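Participant: This is model07.txt, which holds compact mmCIF, C-alpha atoms:
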# COMPACT_ATOMS: atom_id res chain seq x y z
CA MET A 788 -17.95 5.71 -58.04
CA GLN A 789 -15.19 4.38 -60.24
CA ILE A 790 -12.49 2.24 -58.66
CA ARG A 791 -9.44 1.56 -60.81
CA THR A 792 -6.74 0.92 -58.20
CA VAL A 793 -6.22 -0.26 -54.64
CA GLY A 794 -5.35 3.37 -53.87
CA ASP A 795 -8.89 4.36 -54.90
CA ILE A 796 -10.24 1.76 -52.46
CA ASP A 797 -8.02 3.01 -49.65
CA ALA A 798 -9.10 6.63 -50.22
CA ARG A 799 -12.80 5.70 -50.11
CA ARG A 800 -12.28 3.52 -47.04
CA ASN A 801 -10.48 6.36 -45.25
CA HIS A 802 -13.36 8.70 -46.05
CA ILE A 803 -15.85 6.19 -44.63
CA LEU A 804 -13.79 5.87 -41.46
CA ALA A 805 -13.73 9.67 -41.10
CA GLN A 806 -17.51 9.77 -41.45
CA ILE A 807 -17.82 7.09 -38.75
CA ALA A 808 -15.54 9.10 -36.47
CA ALA A 809 -17.51 12.31 -37.03
CA THR A 810 -20.81 10.63 -36.18
CA SER A 811 -19.33 8.84 -33.18
CA HIS A 812 -18.02 12.15 -31.83
CA ARG A 813 -21.40 13.80 -32.28
CA LEU A 814 -23.21 10.91 -30.55
CA ALA A 815 -20.83 11.08 -27.59
CA GLN A 816 -21.82 14.72 -27.08
CA MET A 817 -25.59 14.12 -27.13
CA PRO A 818 -27.51 14.59 -23.89
CA GLY A 819 -30.94 13.15 -23.21
CA ASN A 820 -32.77 10.05 -22.21
CA PRO A 821 -32.58 6.70 -24.05
CA VAL A 822 -35.91 7.16 -25.86
CA ASP A 823 -34.78 10.55 -27.20
CA LEU A 824 -31.49 9.01 -28.29
CA PHE A 825 -33.22 6.19 -30.19
CA ARG A 826 -35.58 8.71 -31.82
CA ASP A 827 -32.62 10.84 -32.86
CA LEU A 828 -30.73 7.84 -34.26
CA LYS A 829 -33.69 6.85 -36.42
CA PHE A 830 -35.18 10.17 -37.48
CA ARG A 831 -32.70 13.03 -37.16
CA GLN A 832 -29.98 13.58 -39.73
CA ILE A 833 -27.14 13.56 -37.22
CA GLY A 834 -25.08 10.96 -39.07
CA ARG A 835 -23.05 11.28 -42.26
CA HIS A 836 -23.39 9.50 -45.58
CA PRO A 837 -20.41 7.12 -45.87
CA ILE A 838 -19.31 8.36 -49.31
CA GLU A 839 -21.08 11.64 -50.03
CA ASP A 840 -20.62 14.75 -47.91
CA ARG A 841 -24.17 15.05 -46.64
CA PRO A 842 -26.14 14.33 -43.49
CA LEU A 843 -28.04 11.10 -42.96
CA ASN A 844 -29.82 9.43 -40.08
CA VAL A 845 -27.52 7.18 -38.05
CA ILE A 846 -29.40 3.94 -38.72
CA GLU A 847 -29.05 4.48 -42.47
CA GLN A 848 -25.40 5.48 -42.04
CA ILE A 849 -24.72 2.20 -40.26
CA ASN A 850 -26.47 0.16 -42.95
CA GLN A 851 -24.82 1.97 -45.83
CA THR A 852 -21.40 2.00 -44.15
CA TRP A 853 -21.28 -1.79 -43.93
CA THR A 854 -22.58 -2.17 -47.47
CA TYR A 855 -19.90 0.19 -48.81
CA LEU A 856 -17.14 -1.49 -46.78
CA THR A 857 -18.28 -4.87 -48.12
CA ALA A 858 -18.35 -3.47 -51.68
CA LEU A 859 -14.83 -2.05 -51.32
CA ALA A 860 -13.51 -5.34 -49.93
CA ALA A 861 -15.15 -7.19 -52.84
CA THR A 862 -13.71 -4.72 -55.34
CA ARG A 863 -10.23 -5.25 -53.91
CA ILE A 864 -10.60 -8.97 -54.72
CA LEU A 865 -12.05 -8.26 -58.17
CA LEU A 866 -9.22 -5.88 -59.09
CA ALA A 867 -6.72 -8.65 -58.35
CA ASP A 868 -8.70 -11.40 -60.08
CA HIS A 869 -9.87 -9.43 -63.12
CA PRO A 870 -7.22 -6.94 -64.30
CA ASP A 871 -8.84 -7.14 -67.75
CA ALA A 872 -11.86 -5.29 -66.28
CA LYS A 873 -9.76 -2.06 -66.12
CA GLY A 874 -11.58 -1.14 -62.92
CA PHE A 875 -15.14 -1.12 -61.66
CA GLU A 876 -18.17 1.08 -61.25
CA VAL A 877 -19.18 0.55 -57.62
CA GLU A 878 -22.69 1.60 -56.60
CA PRO A 879 -24.03 -0.55 -53.77
CA GLY A 880 -27.78 -0.53 -53.87
CA ALA A 881 -27.59 -0.54 -57.69
CA ARG A 882 -28.84 2.88 -58.64
CA ALA A 883 -30.67 3.17 -61.94
CA ALA A 884 -27.36 3.99 -63.68
CA THR A 885 -25.92 0.54 -62.93
CA PRO A 886 -27.73 -2.80 -63.09
CA HIS A 887 -25.55 -4.33 -60.36
CA ASP A 888 -23.67 -3.16 -57.28
CA ILE A 889 -20.31 -3.67 -59.01
CA VAL A 890 -19.83 -3.64 -62.79
CA SER A 891 -16.55 -3.92 -64.69
CA LEU A 892 -15.56 -0.84 -66.69
CA VAL A 893 -14.87 -3.12 -69.65
CA PRO A 894 -18.33 -4.44 -70.54
CA ASP A 895 -19.26 -8.03 -69.74
CA VAL A 896 -16.07 -8.95 -67.87
CA CYS A 897 -17.55 -9.05 -64.39
CA VAL A 898 -20.58 -8.14 -62.27
CA ALA A 899 -21.27 -8.53 -58.57
CA GLU A 900 -23.88 -7.92 -55.92
CA VAL A 901 -22.84 -7.22 -52.34
CA PHE A 902 -24.58 -6.97 -49.00
CA ALA A 903 -24.00 -6.91 -45.28
CA ALA A 904 -26.53 -8.52 -42.96
CA THR A 905 -26.88 -10.18 -39.60
CA ARG A 906 -27.31 -13.49 -41.46
CA PRO A 907 -26.91 -14.20 -45.18
CA ASP A 908 -30.41 -15.67 -45.36
CA SER A 909 -32.03 -12.55 -43.86
CA ASN A 910 -34.87 -11.41 -46.12
CA ASP A 911 -33.80 -14.15 -48.53
CA LYS A 912 -31.11 -11.70 -49.73
CA LEU A 913 -28.48 -14.27 -50.71
CA ARG A 914 -30.86 -16.30 -52.87
CA LYS A 915 -32.28 -13.15 -54.51
CA ASP A 916 -28.82 -11.79 -55.32
CA ILE A 917 -27.67 -15.12 -56.77
CA ARG A 918 -30.75 -15.21 -58.97
CA LYS A 919 -30.19 -11.59 -60.11
CA VAL A 920 -26.50 -12.06 -60.94
CA ALA A 921 -27.08 -15.41 -62.68
CA LYS A 922 -29.09 -13.57 -65.36
CA ALA A 923 -26.20 -11.21 -66.21
CA GLY A 924 -24.33 -11.65 -69.48
CA SER A 925 -20.89 -11.15 -67.91
CA ALA A 926 -18.19 -13.78 -68.04
CA ALA A 927 -17.66 -13.65 -64.25
CA LYS A 928 -20.52 -13.33 -61.77
CA TYR A 929 -20.25 -12.89 -58.01
CA VAL A 930 -22.18 -12.35 -54.82
CA PHE A 931 -20.08 -11.12 -51.89
CA PHE A 932 -21.55 -10.77 -48.44
CA TYR A 933 -20.49 -9.87 -44.95
CA CYS A 934 -22.15 -11.17 -41.82
CA PRO A 935 -20.82 -12.03 -38.38
CA SER A 936 -18.98 -15.30 -37.91
CA PRO A 937 -20.71 -18.69 -37.94
CA GLU A 938 -20.22 -18.85 -34.18
CA GLU A 939 -22.26 -15.65 -33.78
CA THR A 940 -24.98 -16.46 -36.31
CA GLY A 941 -25.19 -20.24 -36.12
CA TRP A 942 -25.26 -20.15 -39.93
CA ARG A 943 -22.65 -22.40 -41.51
CA PRO A 944 -23.40 -22.98 -45.21
CA MET A 945 -20.95 -21.32 -47.58
CA LEU A 946 -18.96 -19.58 -44.86
CA ALA A 947 -15.92 -21.83 -44.90
CA GLN A 948 -14.90 -21.28 -48.53
CA PRO A 949 -16.20 -19.74 -51.74
CA HIS A 950 -18.87 -21.71 -53.58
CA GLU A 951 -20.42 -21.58 -57.02
CA ILE A 952 -24.19 -21.70 -57.42
CA ASP A 953 -25.89 -21.42 -60.82
CA GLY A 954 -22.68 -20.04 -62.33
CA VAL A 955 -22.35 -17.40 -59.61
CA ARG A 956 -19.34 -17.37 -57.30
CA VAL A 957 -20.56 -16.79 -53.76
CA ARG A 958 -18.10 -15.53 -51.21
CA TRP A 959 -18.40 -14.68 -47.52
CA LEU A 960 -16.11 -11.86 -46.49
CA ALA A 961 -15.11 -12.66 -42.93
CA CYS A 962 -14.71 -8.96 -42.24
CA PRO A 963 -14.63 -6.12 -44.75
CA ASP A 964 -11.20 -4.60 -44.97
CA ILE A 965 -11.22 -1.75 -42.48
Transcribe the structure of this file into structure tokens.
Facilitator:
Amino acid sequence: MQIRTVGDIDARRNHILAQIAATSHRLAQMPGNPVDLFRDLKFRQIGRHPIEDRPLNVIEQINQTWTYLTALAATRILLADHPDAKGFEVEPGARAATPHDIVSLVPDVCVAEVFAATRPDSNDKLRKDIRKVAKAGSAAKYVFFYCPSPEETGWRPMLAQPHEIDGVRVRWLACPDI
């Protein structure tokens, strides 16, 4: 999806919030025992994709929702910091069409990877994303991530302020803009 303005971000965010509300309403109506509920959350397509109008299982909706919200919050920052980019292609999960989660529309201005996790070191994600972005030819390189607060995770490195590692600006987003 192309994001050129803050208005584009707000429209996408509002769509995500509507998808959350639709799934929440459906879950509130579901009868059954806890095992059936957990099975339904994992395997039935009773959720909604955060951006596309299609069904999805709830676990995947949760994961993708937080990744998209993190990507939109990162893009809001990038729009302000890199007006020369003329906007961004935002595809969290880096589909084959884009080499990174966020890529400037003007080539080689900026790239970023984003993720949301319980801890930034889960599955070595932070280190892997830094390594991936460091190889990019863009002038500005970022990794943005969301995770709960240091008090909740016990994880303190890099949460207080942005850092730079191997030419990559690493930034914790205290809470994606919702």
Participant: Pick from A:Ser925, A:Ile846, A:Gln789, A:Cys934: nearest to A:Arg826, with only C-alpha atoms counted?
Facilitator: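 Closest to A:Arg826 of all the choices is A:Ile846.
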Participant: Using all atoms listed in the file, pick whichever of A:Arg863, A:Arg800, A:Lys829, A:Lys912 has the shortest atom-to-atom distance to A:Ile849.
Facilitator: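 Comparing A:Arg863, A:Arg800, A:Lys829, A:Lys912 against A:Ile849, the winner is A:Lys829.
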Participant: Report, in Å with one decimal, the straight-line distance from atom CA of A:Cys897 to atom CA of A:Ala872.
Facilitator: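 Taking atom CA of A:Cys897 and atom CA of A:Ala872, their separation equals 7.1 Å.
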Participant: Within 6 Å of A:Ile790, counting all atoms listed in the file, which residues show up once you throw out same-chain ones fewer than 3 positions away? Write them as a PyMOL selection string, please.
Facilitator: chain A and resi 795+874-875
Participant: Counting all atoms listed in the file, I want the residues whose atoms come within 12 Å of (-27.5, -10.0, -66.0) in the file frame, returned as a list in words.
Facilitator: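 Returned residue set, sorted by chain then number, is Thr885, Pro886, His887, Asp888, Ile889, Val890, Pro894, Asp895, Val896, Cys897, Val898, Ala899, Glu900, Asp916, Ile917, Arg918, Lys919, Val920, Ala921, Lys922, Ala923, Gly924, Ser925, Ala926, Ala927, Lys928, Tyr929, Gly954 and Val955 of chain A.
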Participant: Within 10 Å of A:Leu856, counting only C-alpha atoms, which residues show up once you throw out same-chain ones fewer than 3 positions away? Write them as a list in words, please.
Facilitator: Ile796, Arg799, Arg800, Ile803, Leu804, Pro837, Gln851, Thr852, Trp853, Leu859, Ala860, Ala861, Thr862, Pro879, Val901, Phe902, Ala903, Tyr933, Cys962, Pro963, Asp964 and Ile965 of chain A
Participant: For A:Asp840, work out the shell of residues within 12 Å, counting all atoms listed in the file and skipping chain neighbours fewer than 3 positions away, then give it as a ChimeraX atom specification.
Facilitator: /A:802-803,805-806,809,834-837,843,848
Participant: Tell me, in Å to one decimal, how far atom CA of A:Asn850 is from atom CA of A:Glu876.
Facilitator: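 Taking atom CA of A:Asn850 and atom CA of A:Glu876, their separation equals 20.1 Å.
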Participant: I need the residue nearest A:Thr792 from this list: A:Val957, A:Ala858, A:Ala867, A:Val822. Use only C-alpha atoms for the distance.
Facilitator: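 Closest residue, counting only C-alpha atoms: A:Ala867.
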Participant: Distance atom CA of A:Pro935-atom CA of A:Trp959, one decimal place?
Facilitator: 9.8 Å
Participant: Kindly indicate which residue among A:Ile807, A:Leu866, A:Leu824, A:Val930 lies nearest to A:Asp953, using only C-alpha atoms for the distances.
Facilitator: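 Going through A:Ile807, A:Leu866, A:Leu824, A:Val930 one by one, the smallest distance to A:Asp953 is for A:Val930.
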Participant: Pick the closest to A:Leu865 from A:Met788, A:Ala798, A:Val877, A:Leu828: which is it, counting only C-alpha atoms?
Facilitator: A:Val877
